[in-house]
file run_11.txt (compact mmCIF, C-alpha atoms and all ligand atoms)
# COMPACT_ATOMS: atom_id res chain seq x y z
CA MET N 10 -3.94 -20.26 -41.13
CA ASP N 11 -5.68 -21.95 -38.24
CA GLU N 12 -2.40 -22.43 -36.43
CA PHE N 13 -1.62 -18.74 -36.71
CA ARG N 14 -4.94 -17.86 -35.05
CA TRP N 15 -4.28 -20.31 -32.27
CA GLU N 16 -0.94 -18.66 -31.46
CA LYS N 17 -2.59 -15.30 -31.43
CA PHE N 18 -5.17 -16.63 -29.01
CA ILE N 19 -2.49 -17.93 -26.65
CA PHE N 20 -0.65 -14.62 -26.85
CA LEU N 21 -3.81 -12.66 -25.99
CA ARG N 22 -4.60 -14.99 -23.12
CA ARG N 23 -1.16 -14.48 -21.64
CA MET N 24 -1.53 -10.73 -21.98
CA LEU N 25 -4.76 -10.98 -20.03
CA ILE N 26 -3.07 -12.89 -17.26
CA TRP N 27 -0.34 -10.27 -16.95
CA MET N 28 -2.54 -7.25 -17.25
CA LYS N 29 -4.56 -6.33 -14.22
CA LEU N 30 -8.19 -5.48 -14.88
CA PRO N 31 -9.05 -1.83 -14.23
CA SER N 32 -10.03 -0.92 -10.66
CA PHE N 33 -13.02 1.23 -9.81
CA LEU N 34 -14.81 2.85 -6.87
CA ARG N 35 -17.98 1.33 -5.46
CA CYS N 36 -20.44 2.48 -2.82
CA SER N 37 -19.84 0.40 0.31
CA ARG N 38 -23.55 0.18 1.05
CA ARG N 39 -24.50 -3.24 -0.27
CA ASP N 40 -28.06 -2.27 -1.23
CA CYS N 41 -26.74 0.69 -3.26
CA GLY N 42 -23.50 -0.49 -4.84
CA ARG N 43 -23.23 2.38 -7.30
CA THR N 44 -19.89 2.47 -9.10
CA PHE N 45 -17.64 5.37 -10.02
CA ASP N 46 -14.46 5.94 -11.95
CA LEU N 47 -11.38 5.13 -9.87
CA HIS N 48 -9.97 8.65 -10.06
CA ASP N 49 -13.24 10.53 -9.52
CA ARG N 50 -11.94 12.43 -6.44
CA ILE N 51 -15.11 11.91 -4.41
CA LEU N 52 -15.27 10.66 -0.83
CA ALA N 53 -18.93 9.66 -0.66
CA CYS N 54 -21.52 8.03 -2.88
CA SER N 55 -23.48 10.68 -4.80
CA GLU N 56 -26.56 8.44 -4.58
CA CYS N 57 -26.79 7.58 -0.87
CA GLY N 58 -23.91 9.46 0.78
CA ASP N 59 -22.20 6.39 2.19
CA LEU N 60 -18.47 5.65 2.05
CA LEU N 61 -16.76 4.32 -1.06
CA GLU N 62 -14.40 1.42 -1.48
CA VAL N 63 -11.84 0.58 -4.12
CA VAL N 64 -12.55 -2.61 -6.03
CA VAL N 65 -9.44 -4.26 -7.41
CA ASP N 66 -9.72 -7.32 -9.61
CA PRO N 67 -6.32 -8.99 -9.65
CA GLY N 68 -7.32 -11.01 -12.69
CA GLU N 69 -6.29 -14.63 -13.11
CA ILE N 70 -3.88 -15.33 -10.28
CA ASP N 71 -2.41 -18.38 -8.64
CA PRO N 72 -2.11 -17.87 -4.86
CA CYS N 73 0.94 -20.16 -4.64
CA ASP N 74 2.78 -18.23 -7.35
CA LEU N 75 1.90 -14.87 -5.86
CA LYS N 76 2.96 -15.89 -2.35
CA ARG N 77 6.37 -16.76 -3.81
CA VAL N 78 6.60 -13.51 -5.81
CA TRP N 79 5.69 -11.43 -2.72
CA LYS N 80 8.37 -13.18 -0.69
CA GLU N 81 11.00 -12.76 -3.40
CA ARG N 82 10.32 -9.04 -3.53
CA ARG N 83 11.62 -8.77 0.04
CA THR N 84 15.10 -9.42 -1.29
CA SER N 85 14.79 -6.79 -4.04
CA TRP N 86 16.18 -3.23 -3.85
CA ASP N 87 13.57 -1.89 -6.25
CA GLU N 88 11.66 0.95 -4.56
CA LEU N 89 8.24 -0.64 -5.14
CA ASP N 90 9.33 -4.10 -4.03
CA ALA N 91 11.01 -2.67 -0.90
CA SER N 92 7.73 -1.16 0.28
CA GLY N 93 5.70 -3.47 2.51
CA VAL N 94 2.59 -1.97 0.89
CA TRP N 95 3.47 -2.00 -2.83
CA ARG N 96 5.02 -5.45 -2.52
CA PHE N 97 1.37 -6.61 -2.64
CA ARG N 98 0.51 -4.39 -5.61
CA GLU N 99 -1.51 -7.06 -7.40
CA PHE N 100 -4.26 -6.15 -4.90
CA LEU N 101 -3.80 -2.37 -5.20
CA PRO N 102 -4.82 0.08 -7.93
CA GLY N 103 -2.13 0.22 -10.62
CA TYR N 104 -0.21 3.43 -11.43
CA ASN N 105 1.98 4.19 -14.39
CA SER N 106 3.23 7.30 -12.56
CA ALA N 107 5.63 7.55 -9.64
CA VAL N 108 4.51 6.09 -6.34
CA VAL N 109 5.05 8.14 -3.16
CA THR N 110 6.79 5.71 -0.83
CA MET N 111 9.29 5.60 2.04
CA GLY N 112 9.71 1.87 2.39
CA GLU N 113 6.78 1.58 4.79
CA GLY N 114 5.50 -1.72 6.11
CA ASN N 115 7.71 -4.79 6.55
CA VAL N 116 7.38 -4.53 10.32
CA PRO N 117 8.12 -7.52 12.54
CA LEU N 118 5.83 -9.78 14.47
CA VAL N 119 7.19 -9.83 18.02
CA ARG N 120 6.38 -12.30 20.76
CA GLY N 121 4.97 -10.88 23.99
CA ARG N 122 6.18 -12.64 27.17
CA VAL N 123 5.53 -10.33 30.13
CA ALA N 124 2.44 -9.13 28.31
CA ALA N 125 1.20 -12.69 27.73
CA GLU N 126 1.61 -13.51 31.40
CA TRP N 127 -0.10 -10.27 32.38
CA ALA N 128 -3.12 -11.09 30.20
CA ASP N 129 -3.07 -14.81 31.13
CA VAL N 130 -2.58 -16.18 27.61
CA GLU N 131 0.01 -18.58 26.20
CA ASP N 132 0.51 -17.56 22.60
CA LEU N 133 0.69 -13.80 22.08
CA ARG N 134 2.43 -11.89 19.31
CA PHE N 135 2.42 -8.18 18.51
CA LYS N 136 2.22 -6.87 14.97
CA HIS N 137 3.90 -3.52 15.61
CA LEU N 138 2.66 -1.09 12.99
CA GLY N 139 4.15 1.70 15.11
CA TRP N 140 7.53 0.71 13.69
CA ASN N 141 6.78 2.50 10.44
CA PRO N 142 8.56 5.61 9.05
CA THR N 143 6.53 8.17 11.04
CA GLY N 144 5.76 5.82 13.93
CA SER N 145 2.21 4.69 13.22
CA PHE N 146 0.19 2.53 10.82
CA LYS N 147 -1.05 5.70 9.15
CA ASP N 148 1.98 5.49 6.82
CA LEU N 149 0.55 2.36 5.18
CA GLY N 150 -2.56 4.20 4.09
CA MET N 151 -0.73 7.41 3.34
CA THR N 152 1.58 5.94 0.67
CA ALA N 153 -1.51 4.76 -1.24
CA GLY N 154 -3.56 7.90 -0.65
CA MET N 155 -0.70 10.27 -1.48
CA THR N 156 0.09 8.37 -4.67
CA GLU N 157 -3.54 8.80 -5.76
CA ALA N 158 -3.44 12.50 -4.77
CA LYS N 159 -0.35 13.04 -6.90
CA TYR N 160 -1.82 11.07 -9.78
CA THR N 161 -4.91 13.30 -9.85
CA GLY N 162 -2.70 16.40 -9.89
CA ALA N 163 -3.45 17.65 -6.38
CA THR N 164 -1.13 20.39 -5.09
CA THR N 165 -2.51 20.60 -1.54
CA VAL N 166 -3.58 17.70 0.67
CA ALA N 167 -5.42 17.94 3.98
CA CYS N 168 -6.72 15.86 6.87
CA ALA N 169 -8.33 16.19 10.27
CA SER N 170 -6.39 14.22 12.79
CA THR N 171 -5.84 13.26 16.40
CA GLY N 172 -2.12 13.56 15.53
CA ASN N 173 -0.77 10.49 13.76
CA THR N 174 -2.55 11.05 10.47
CA ALA N 175 -1.20 14.60 10.53
CA ALA N 176 2.37 13.37 11.00
CA ALA N 177 2.03 10.81 8.21
CA LEU N 178 0.27 13.22 5.86
CA ALA N 179 2.92 15.89 6.42
CA ALA N 180 5.76 13.46 5.75
CA TYR N 181 4.29 11.86 2.63
CA ALA N 182 3.16 15.22 1.21
CA ALA N 183 6.74 16.43 1.59
CA ARG N 184 7.98 13.31 -0.23
CA GLY N 185 5.44 13.82 -3.00
CA GLY N 186 6.13 17.54 -3.38
CA MET N 187 2.68 18.66 -2.21
CA LYS N 188 1.54 21.19 0.40
CA ALA N 189 0.05 19.72 3.57
CA ARG N 190 -2.65 21.22 5.80
CA VAL N 191 -3.70 19.47 9.00
CA TYR N 192 -6.68 20.20 11.28
CA LEU N 193 -5.98 19.26 14.88
CA PRO N 194 -8.20 19.54 17.97
CA ALA N 195 -6.41 22.30 19.94
CA GLY N 196 -4.51 21.07 22.98
CA GLN N 197 -5.54 17.44 22.45
CA ALA N 198 -2.97 15.98 20.08
CA SER N 199 0.26 14.91 21.75
CA ALA N 200 3.17 17.33 21.46
CA ASN N 201 5.28 14.64 19.79
CA LYS N 202 2.82 14.23 16.91
CA LEU N 203 2.35 17.98 16.50
CA ALA N 204 6.14 18.34 16.40
CA GLN N 205 6.36 15.82 13.55
CA ALA N 206 3.76 17.66 11.47
CA LEU N 207 5.61 20.93 12.02
CA ASP N 208 9.00 19.40 11.24
CA PHE N 209 7.71 18.03 7.93
CA GLY N 210 6.43 21.48 7.01
CA ALA N 211 2.66 21.14 7.33
CA GLU N 212 0.37 24.08 7.89
CA VAL N 213 -1.33 23.37 11.24
CA VAL N 214 -4.90 24.60 11.80
CA GLN N 215 -5.97 24.26 15.43
CA ILE N 216 -9.68 23.65 15.95
CA SER N 217 -11.39 24.16 19.29
CA GLY N 218 -13.37 21.01 19.96
CA SER N 219 -12.73 17.33 19.36
CA PHE N 220 -11.48 15.37 16.36
CA ASP N 221 -15.06 15.03 15.18
CA THR N 222 -15.42 18.83 15.02
CA ALA N 223 -12.10 19.10 13.19
CA LEU N 224 -13.25 16.59 10.57
CA GLU N 225 -16.55 18.37 10.05
CA GLU N 226 -14.80 21.72 9.74
CA MET N 227 -12.40 20.37 7.15
CA LEU N 228 -15.04 18.61 5.03
CA GLY N 229 -17.31 21.63 5.25
CA GLY N 230 -14.56 23.89 3.90
CA GLY N 231 -15.54 22.83 0.39
CA ASP N 232 -12.14 23.73 -1.05
CA ARG N 233 -12.17 22.06 -4.49
CA ASP N 234 -8.42 22.25 -4.96
CA VAL N 235 -7.64 20.36 -1.78
CA TYR N 236 -7.35 16.58 -1.79
CA PHE N 237 -8.71 15.05 1.45
CA LEU N 238 -6.80 12.21 3.01
CA ASN N 239 -8.81 11.16 6.04
CA SER N 240 -9.44 7.48 6.59
CA ILE N 241 -12.75 7.84 4.78
CA ASN N 242 -10.53 8.14 1.71
CA PRO N 243 -10.84 4.67 0.14
CA PHE N 244 -7.25 4.65 -1.12
CA ARG N 245 -5.93 4.85 2.44
CA ILE N 246 -7.96 1.77 3.29
CA GLU N 247 -6.25 -0.06 0.42
CA GLY N 248 -2.81 0.72 1.79
CA GLN N 249 -3.78 -0.26 5.32
CA LYS N 250 -5.22 -3.58 4.26
CA THR N 251 -1.76 -4.78 3.20
CA ALA N 252 -0.80 -5.01 6.90
CA MET N 253 -2.91 -8.17 7.00
CA PHE N 254 -1.36 -9.56 3.80
CA GLU N 255 2.00 -9.15 5.51
CA LEU N 256 0.76 -10.61 8.78
CA MET N 257 -0.67 -13.70 7.08
CA GLU N 258 2.63 -14.13 5.25
CA GLN N 259 4.49 -13.93 8.59
CA CYS N 260 2.15 -16.56 10.02
CA GLY N 261 2.96 -18.91 7.11
CA TRP N 262 -0.55 -18.21 5.75
CA ASN N 263 -1.94 -19.96 8.81
CA PRO N 264 -4.06 -17.30 10.55
CA PRO N 265 -4.05 -16.90 14.36
CA ASP N 266 -7.29 -17.64 16.22
CA TYR N 267 -7.76 -14.01 17.29
CA LEU N 268 -6.75 -10.60 16.03
CA PHE N 269 -7.12 -7.65 18.43
CA VAL N 270 -7.32 -4.13 16.94
CA PRO N 271 -7.84 -0.71 18.60
CA GLY N 272 -10.94 1.11 17.34
CA GLY N 273 -11.06 4.88 16.77
CA ASN N 274 -12.43 6.10 13.48
CA LEU N 275 -12.49 2.40 12.48
CA GLY N 276 -10.56 2.76 9.23
CA ASN N 277 -8.08 0.10 10.31
CA SER N 278 -10.71 -2.47 11.27
CA SER N 279 -12.48 -1.83 7.96
CA ALA N 280 -9.25 -2.23 6.03
CA PHE N 281 -8.34 -5.46 7.83
CA GLY N 282 -11.81 -6.87 7.17
CA LYS N 283 -11.44 -6.06 3.47
CA ALA N 284 -8.07 -7.83 3.44
CA PHE N 285 -9.53 -11.00 4.98
CA ILE N 286 -12.44 -11.02 2.55
CA GLU N 287 -10.08 -10.74 -0.44
CA LEU N 288 -7.48 -13.20 0.87
CA LYS N 289 -10.14 -15.81 1.48
CA GLN N 290 -12.01 -15.13 -1.75
CA TYR N 291 -8.86 -15.64 -3.84
CA GLY N 292 -7.71 -18.70 -1.91
CA PHE N 293 -4.72 -17.32 0.01
CA ILE N 294 -6.13 -18.45 3.36
CA GLN N 295 -8.74 -21.05 4.21
CA ARG N 296 -10.10 -19.38 7.34
CA VAL N 297 -9.89 -15.95 8.97
CA PRO N 298 -8.94 -14.86 12.50
CA LYS N 299 -11.74 -13.64 14.74
CA MET N 300 -11.28 -9.86 14.76
CA ILE N 301 -11.88 -8.13 18.10
CA ILE N 302 -12.17 -4.35 18.05
CA VAL N 303 -11.26 -2.68 21.35
CA GLN N 304 -12.39 0.87 22.09
CA ALA N 305 -11.64 3.14 25.04
CA ALA N 306 -14.55 3.21 27.49
CA GLY N 307 -14.84 7.00 27.17
CA ALA N 308 -15.04 6.86 23.38
CA ASN N 309 -16.97 3.66 22.76
CA PRO N 310 -19.91 4.23 20.38
CA LEU N 311 -19.30 0.96 18.51
CA ALA N 312 -18.92 -1.17 21.65
CA ARG N 313 -22.15 0.33 23.02
CA MET N 314 -23.96 -0.38 19.80
CA TRP N 315 -22.70 -3.97 19.76
CA ARG N 316 -23.81 -4.57 23.34
CA SER N 317 -27.24 -3.02 22.93
CA GLY N 318 -27.93 -4.75 19.61
CA THR N 319 -29.17 -1.59 17.90
CA THR N 320 -28.64 -1.09 14.19
CA GLU N 321 -27.67 2.57 14.15
CA LEU N 322 -24.66 4.17 15.78
CA GLU N 323 -25.27 6.56 18.65
CA ILE N 324 -22.61 9.25 18.72
CA VAL N 325 -20.61 9.90 21.92
CA ALA N 326 -20.80 13.68 22.08
CA GLN N 327 -17.85 14.27 24.43
CA PRO N 328 -15.32 11.48 23.91
CA GLU N 329 -12.79 11.32 26.73
CA THR N 330 -9.78 9.01 27.13
CA VAL N 331 -6.03 9.11 27.72
CA ALA N 332 -5.71 7.22 24.43
CA THR N 333 -5.91 10.40 22.34
CA ALA N 334 -5.50 8.55 19.03
CA ILE N 335 -8.90 6.97 19.54
CA ARG N 336 -10.69 9.86 21.27
CA ILE N 337 -13.39 9.79 18.61
CA GLY N 338 -17.12 9.84 19.29
CA ASN N 339 -18.46 9.70 15.73
CA PRO N 340 -16.45 7.10 13.82
CA ARG N 341 -17.12 7.35 10.09
CA SER N 342 -16.29 3.79 9.08
CA TRP N 343 -18.58 2.07 11.59
CA ARG N 344 -20.69 0.20 9.04
CA LYS N 345 -17.63 -1.29 7.36
CA ALA N 346 -16.14 -2.16 10.76
CA ILE N 347 -19.26 -3.97 11.95
CA GLU N 348 -19.37 -5.90 8.70
CA ALA N 349 -15.74 -6.91 9.17
CA VAL N 350 -16.37 -8.12 12.73
CA ARG N 351 -19.38 -10.12 11.57
CA PHE N 352 -17.47 -11.62 8.65
CA THR N 353 -14.71 -12.85 10.95
CA GLY N 354 -16.99 -14.00 13.76
CA GLY N 355 -15.35 -11.57 16.17
CA THR N 356 -16.67 -9.13 18.74
CA ILE N 357 -16.36 -5.57 20.01
CA THR N 358 -15.42 -4.51 23.52
CA ASP N 359 -14.09 -1.55 25.48
CA VAL N 360 -11.56 -0.95 28.26
CA THR N 361 -11.03 1.77 30.87
CA ASP N 362 -8.13 4.23 30.96
CA LYS N 363 -6.80 2.43 34.03
CA GLU N 364 -6.76 -0.89 32.16
CA ILE N 365 -5.07 0.81 29.20
CA GLY N 366 -2.33 2.20 31.51
CA GLU N 367 -1.61 -1.18 33.09
CA ALA N 368 -1.59 -3.00 29.75
CA LYS N 369 0.73 -0.40 28.27
CA ALA N 370 3.16 -0.86 31.16
CA ALA N 371 3.19 -4.64 30.56
CA ILE N 372 3.99 -4.11 26.86
CA GLY N 373 6.75 -1.75 27.96
CA GLN N 374 8.23 -4.44 30.20
CA ASP N 375 8.59 -6.63 27.14
CA GLY N 376 10.89 -3.95 25.70
CA ILE N 377 8.39 -3.29 22.95
CA GLY N 378 6.42 -0.23 24.02
CA CYS N 379 3.53 1.52 22.29
CA GLU N 380 1.28 4.53 22.66
CA PRO N 381 -1.81 4.34 24.91
CA ALA N 382 -4.31 3.67 22.08
CA SER N 383 -2.38 0.56 21.04
CA ALA N 384 -2.46 -0.87 24.56
CA THR N 385 -6.25 -1.21 24.35
CA THR N 386 -5.53 -4.48 22.54
CA LEU N 387 -3.73 -6.12 25.45
CA ALA N 388 -6.26 -4.69 27.90
CA GLY N 389 -9.00 -6.20 25.73
CA ILE N 390 -7.29 -9.60 25.69
CA SER N 391 -7.11 -9.57 29.48
CA LYS N 392 -10.76 -8.60 29.73
CA LEU N 393 -11.95 -11.37 27.40
CA ARG N 394 -9.73 -13.89 29.23
CA LYS N 395 -11.38 -12.99 32.53
CA SER N 396 -14.84 -13.34 30.99
CA GLY N 397 -13.82 -16.67 29.47
CA GLU N 398 -14.56 -15.57 25.91
CA VAL N 399 -10.97 -16.21 24.84
CA PRO N 400 -9.33 -19.51 25.85
CA ARG N 401 -5.87 -19.43 27.45
CA ASP N 402 -4.25 -21.53 24.71
CA ALA N 403 -5.63 -19.52 21.77
CA SER N 404 -3.13 -18.08 19.29
CA ILE N 405 -3.46 -14.31 19.44
CA VAL N 406 -2.04 -11.40 17.47
CA ALA N 407 -2.48 -7.89 18.86
CA VAL N 408 -1.98 -4.99 16.47
CA LEU N 409 0.08 -2.19 18.00
CA THR N 410 -0.73 0.97 16.12
CA GLY N 411 1.67 3.63 17.43
CA HIS N 412 5.27 3.95 18.63
CA VAL N 413 6.14 4.40 22.33
CA LEU N 414 7.64 7.86 21.60
CA LYS N 415 4.33 9.14 20.20
CA ASP N 416 3.09 10.27 23.61
CA THR N 417 5.98 10.77 26.02
CA GLU N 418 4.04 13.15 28.27
CA TYR N 419 1.65 10.35 29.18
CA ILE N 420 4.51 8.10 30.27
CA ILE N 421 6.30 10.72 32.35
CA LYS N 422 3.04 11.74 34.06
CA ARG N 423 2.12 8.14 34.83
CA HIS N 424 5.49 7.44 36.42
CA GLU N 425 5.39 10.69 38.43
CA GLU N 426 2.01 9.64 39.79
CA LEU N 427 3.23 6.13 40.56
CA SER N 428 6.27 7.38 42.47
CA ALA N 429 4.13 9.96 44.33
CA GLN N 430 1.85 7.09 45.43
CA ALA N 431 4.86 5.04 46.53
CA VAL N 432 6.11 7.75 48.93
C1 LIG N 501 -5.34 6.35 14.11
C2 LIG N 501 -4.95 5.53 15.23
C3 LIG N 501 -5.82 4.59 15.81
C4 LIG N 501 -7.24 4.44 15.37
O1 LIG N 501 -7.34 3.83 14.12
P1 LIG N 501 -8.73 3.88 13.34
O2 LIG N 501 -8.41 3.35 12.01
O3 LIG N 501 -9.15 5.30 13.30
O4 LIG N 501 -9.69 3.05 14.13
C5 LIG N 501 -5.37 3.79 16.81
N1 LIG N 501 -4.12 3.90 17.30
C6 LIG N 501 -3.25 4.79 16.78
C7 LIG N 501 -1.89 4.89 17.37
C8 LIG N 501 -3.63 5.63 15.74
O5 LIG N 501 -2.77 6.51 15.25
ZN ZN N 502 -24.46 4.56 -2.40

call {"tool": "encode", "arguments": {"input": "run_11.txt", "output": "C-alpha cells", "more": "lines below"}}
Ligand SMILES: *Cc1c(COP(=O)(O)O)cnc(C)c1O
Ligand SMILES: [Zn+2]
result
Amino acid sequence: MDEFRWEKFIFLRRMLIWMKLPSFLRCSRRDCGRTFDLHDRILACSECGDLLEVVVDPGEIDPCDLKRVWKERRTSWDELDASGVWRFREFLPGYNSAVVTMGEGNVPLVRGRVAAEWADVEDLRFKHLGWNPTGSFKDLGMTAGMTEAKYTGATTVACASTGNTAAALAAYAARGGMKARVYLPAGQASANKLAQALDFGAEVVQISGSFDTALEEMLGGGDRDVYFLNSINPFRIEGQKTAMFELMEQCGWNPPDYLFVPGGNLGNSSAFGKAFIELKQYGFIQRVPKMIIVQAAGANPLARMWRSGTTELEIVAQPETVATAIRIGNPRSWRKAIEAVRFTGGTITDVTDKEIGEAKAAIGQDGIGCEPASATTLAGISKLRKSGEVPRDASIVAVLTGHVLKDTEYIIKRHEELSAQAV
C-alpha cells in the first residue's frame, strides 16, 4: 500500500519536471507588477499603461543538461529544433499548435580584423543577426509574435516600421497564412526593405511623418481584429532574447566583457537584458557582459537622458540620421532598456553619421558588411576606446542587426561622394 503511493509520488514528480509551468503576462513596471493571462491580446498594462513582459517559468531544470539538449538540437532536422529561436523553447511560452518558423537564428559569430584595428581593440567578434531569413534580427521576434498571433486566431497582423519589421512581418504573416499591413514613414524606409514587404504581399500604408507618427497612427486605429506586432509586443521580445542564449552558447557560456547593441526603439536591448537576467538567475552563466547601447546622435533620447541623469525620457521631436532603422525619437521600451544597462553595469552613448559611415566601411572591409544602423556598434567601440572607457584587450561582441543589402542606396551614394572628393 505504502509502496504504491511512493511510486505514484515519484511518477508525479517526474511529470512536474517534464511539464513546463504555465507562462503569463506581467506589467514591466516593478511597483505595479499586475499579471494577466498569457493570451490576453493586450499590449499595455490596464492598471498603469506600461509595457508588459512574458514570464516563463522553466520549472525544475539543470543548466548542464539543458546546455547539452540545446546543442544536440542543432543536429536535428525537426522544424522546431532547427530554429535558432525554438531550440531554446524551455524559456519560451509553450504551444500545442503549429509554430510559424523559417529556421531563423543559428547565425555565426564572426571575428572582425580590419574592424578591430580600426577601433583599436584586440578581441572583436560580430554576432551578425542580419544573416537571418529576411536580413535582420526582426525575424527572431517575428517567429514568436506570429506564432502567438496565429494561436489567438488573428487573421490580420500589423506593425509600424522603419522597414525591417515590415519585411519580417510580411514574410512571417505569409508563412502563417495571415494578412499583413505595414505602416511606413513615407520616403524614409529604404527601397530594399519596402521591396521585401511588397514581395511578401503586405498591404503598405505610407504615413507622412516619422516612425513615431506611424506607430501612433497604427495604435490609434483601434481595429480590434488586427493583431499588433511592434516591438512593444512582449512575445517579440521573447523571440529576440534567444539571440543571447545562442551567443552565450557560442562563447562556451563564458560571456565577453562587453556587448555593443544599436538602440532604436530599444526592443533589442530590452530583450537582451531579459535574457541575461534569466540566464544568470537559472545558473547558465556566472556573470553578464556589460551592455553598451549606441544611438545615432540625431536620434539619441536615451543617450541624452543617461548623460543628463534625468529620470524621464525627453522625446527627440525630429529624429534625423542616415541610420534609418534607428531614426526614432520616442522609443517605447526605454524603461526596460535602462534597467538592462543598469543590470549589466553598462552604459549608453551616441555616434555621429560620419562615424557611422566610417565604421560601416571598416566592417565592409572585413567582408562582413551591415546596414548603417548596425555600424553604430563599431563606431561606439571606437568612441569608448578613445575615451578610455573600454580597455584595448577587452573581449568585445558587437551585434550587427541588419544585412548589407538592406540599404544599397546609402552605399552607392557614399561611394559616389568619395570618388567625387577624390577627383
Ligand atoms: C530595428 C532595428 C534596429 C533597432 O532595434 P530596436 O530594438 O528598435 O532598438 C537596429 N538596427 C536594425 C537593422 C533594425 O532593423
Ligand atoms: Zn502596470

call {"tool": "axis_aligned_box", "arguments": {"input": "run_11.txt", "around": "segment 143-161 of chain N", "padding_each_side": "8 Å", "output": "AutoDock Vina command-line options"}}
result
--center_x 0.8 --center_y 7.8 --center_z 2.0 --size_x 27.4 --size_y 26.9 --size_z 39.8

call {"tool": "residues_near_point", "arguments": {"input": "run_11.txt", "point": "(-5.6, 18.8, 11.0)", "cutoff": "9 Å", "atoms": "all atoms listed in the file", "output": "PDB file with C-alpha atoms, in the coordinates of the input"}}
result
ATOM      1  CA  ALA N 167      -5.420  17.940   3.980  1.00  0.00           C
ATOM      2  CA  CYS N 168      -6.720  15.860   6.870  1.00  0.00           C
ATOM      3  CA  ALA N 169      -8.330  16.190  10.270  1.00  0.00           C
ATOM      4  CA  SER N 170      -6.390  14.220  12.790  1.00  0.00           C
ATOM      5  CA  THR N 171      -5.840  13.260  16.400  1.00  0.00           C
ATOM      6  CA  GLY N 172      -2.120  13.560  15.530  1.00  0.00           C
ATOM      7  CA  THR N 174      -2.550  11.050  10.470  1.00  0.00           C
ATOM      8  CA  ALA N 175      -1.200  14.600  10.530  1.00  0.00           C
ATOM      9  CA  ARG N 190      -2.650  21.220   5.800  1.00  0.00           C
ATOM     10  CA  VAL N 191      -3.700  19.470   9.000  1.00  0.00           C
ATOM     11  CA  TYR N 192      -6.680  20.200  11.280  1.00  0.00           C
ATOM     12  CA  LEU N 193      -5.980  19.260  14.880  1.00  0.00           C
ATOM     13  CA  PRO N 194      -8.200  19.540  17.970  1.00  0.00           C
ATOM     14  CA  GLU N 212       0.370  24.080   7.890  1.00  0.00           C
ATOM     15  CA  VAL N 213      -1.330  23.370  11.240  1.00  0.00           C
ATOM     16  CA  VAL N 214      -4.900  24.600  11.800  1.00  0.00           C
ATOM     17  CA  GLN N 215      -5.970  24.260  15.430  1.00  0.00           C
ATOM     18  CA  ILE N 216      -9.680  23.650  15.950  1.00  0.00           C
ATOM     19  CA  PHE N 220     -11.480  15.370  16.360  1.00  0.00           C
ATOM     20  CA  ALA N 223     -12.100  19.100  13.190  1.00  0.00           C
ATOM     21  CA  LEU N 224     -13.250  16.590  10.570  1.00  0.00           C
ATOM     22  CA  MET N 227     -12.400  20.370   7.150  1.00  0.00           C
TER      23      MET N 227
END

call {"tool": "residues_around", "arguments": {"input": "run_11.txt", "residues": "segment 62-77 of chain N", "least_positions_apart": "6", "cutoff": "10 Å", "atoms": "all atoms listed in the file", "output": "mmCIF file with C-alpha atoms, in the frame of the given file"}}
result
data_model
loop_
_atom_site.group_PDB
_atom_site.id
_atom_site.type_symbol
_atom_site.label_atom_id
_atom_site.label_comp_id
_atom_site.auth_asym_id
_atom_site.auth_seq_id
_atom_site.Cartn_x
_atom_site.Cartn_y
_atom_site.Cartn_z
ATOM 1 C CA ARG N 23 -1.160 -14.480 -21.640
ATOM 2 C CA LEU N 25 -4.760 -10.980 -20.030
ATOM 3 C CA ILE N 26 -3.070 -12.890 -17.260
ATOM 4 C CA TRP N 27 -0.340 -10.270 -16.950
ATOM 5 C CA MET N 28 -2.540 -7.250 -17.250
ATOM 6 C CA LYS N 29 -4.560 -6.330 -14.220
ATOM 7 C CA LEU N 30 -8.190 -5.480 -14.880
ATOM 8 C CA PRO N 31 -9.050 -1.830 -14.230
ATOM 9 C CA SER N 32 -10.030 -0.920 -10.660
ATOM 10 C CA PHE N 33 -13.020 1.230 -9.810
ATOM 11 C CA LEU N 34 -14.810 2.850 -6.870
ATOM 12 C CA ARG N 35 -17.980 1.330 -5.460
ATOM 13 C CA CYS N 36 -20.440 2.480 -2.820
ATOM 14 C CA SER N 37 -19.840 0.400 0.310
ATOM 15 C CA ARG N 38 -23.550 0.180 1.050
ATOM 16 C CA GLY N 42 -23.500 -0.490 -4.840
ATOM 17 C CA THR N 44 -19.890 2.470 -9.100
ATOM 18 C CA PHE N 45 -17.640 5.370 -10.020
ATOM 19 C CA ASP N 46 -14.460 5.940 -11.950
ATOM 20 C CA LEU N 47 -11.380 5.130 -9.870
ATOM 21 C CA LEU N 52 -15.270 10.660 -0.830
ATOM 22 C CA ALA N 53 -18.930 9.660 -0.660
ATOM 23 C CA CYS N 54 -21.520 8.030 -2.880
ATOM 24 C CA PHE N 97 1.370 -6.610 -2.640
ATOM 25 C CA ARG N 98 0.510 -4.390 -5.610
ATOM 26 C CA GLU N 99 -1.510 -7.060 -7.400
ATOM 27 C CA PHE N 100 -4.260 -6.150 -4.900
ATOM 28 C CA LEU N 101 -3.800 -2.370 -5.200
ATOM 29 C CA PRO N 102 -4.820 0.080 -7.930
ATOM 30 C CA GLY N 103 -2.130 0.220 -10.620
ATOM 31 C CA ILE N 241 -12.750 7.840 4.780
ATOM 32 C CA ASN N 242 -10.530 8.140 1.710
ATOM 33 C CA PRO N 243 -10.840 4.670 0.140
ATOM 34 C CA PHE N 244 -7.250 4.650 -1.120
ATOM 35 C CA ARG N 245 -5.930 4.850 2.440
ATOM 36 C CA ILE N 246 -7.960 1.770 3.290
ATOM 37 C CA GLU N 247 -6.250 -0.060 0.420
ATOM 38 C CA PHE N 254 -1.360 -9.560 3.800
ATOM 39 C CA GLU N 258 2.630 -14.130 5.250
ATOM 40 C CA GLY N 261 2.960 -18.910 7.110
ATOM 41 C CA TRP N 262 -0.550 -18.210 5.750
ATOM 42 C CA ALA N 280 -9.250 -2.230 6.030
ATOM 43 C CA LYS N 283 -11.440 -6.060 3.470
ATOM 44 C CA GLU N 287 -10.080 -10.740 -0.440
ATOM 45 C CA LEU N 288 -7.480 -13.200 0.870
ATOM 46 C CA TYR N 291 -8.860 -15.640 -3.840
ATOM 47 C CA GLY N 292 -7.710 -18.700 -1.910
ATOM 48 C CA PHE N 293 -4.720 -17.320 0.010
ATOM 49 C CA ILE N 294 -6.130 -18.450 3.360
ATOM 50 C CA LYS N 345 -17.630 -1.290 7.360
#
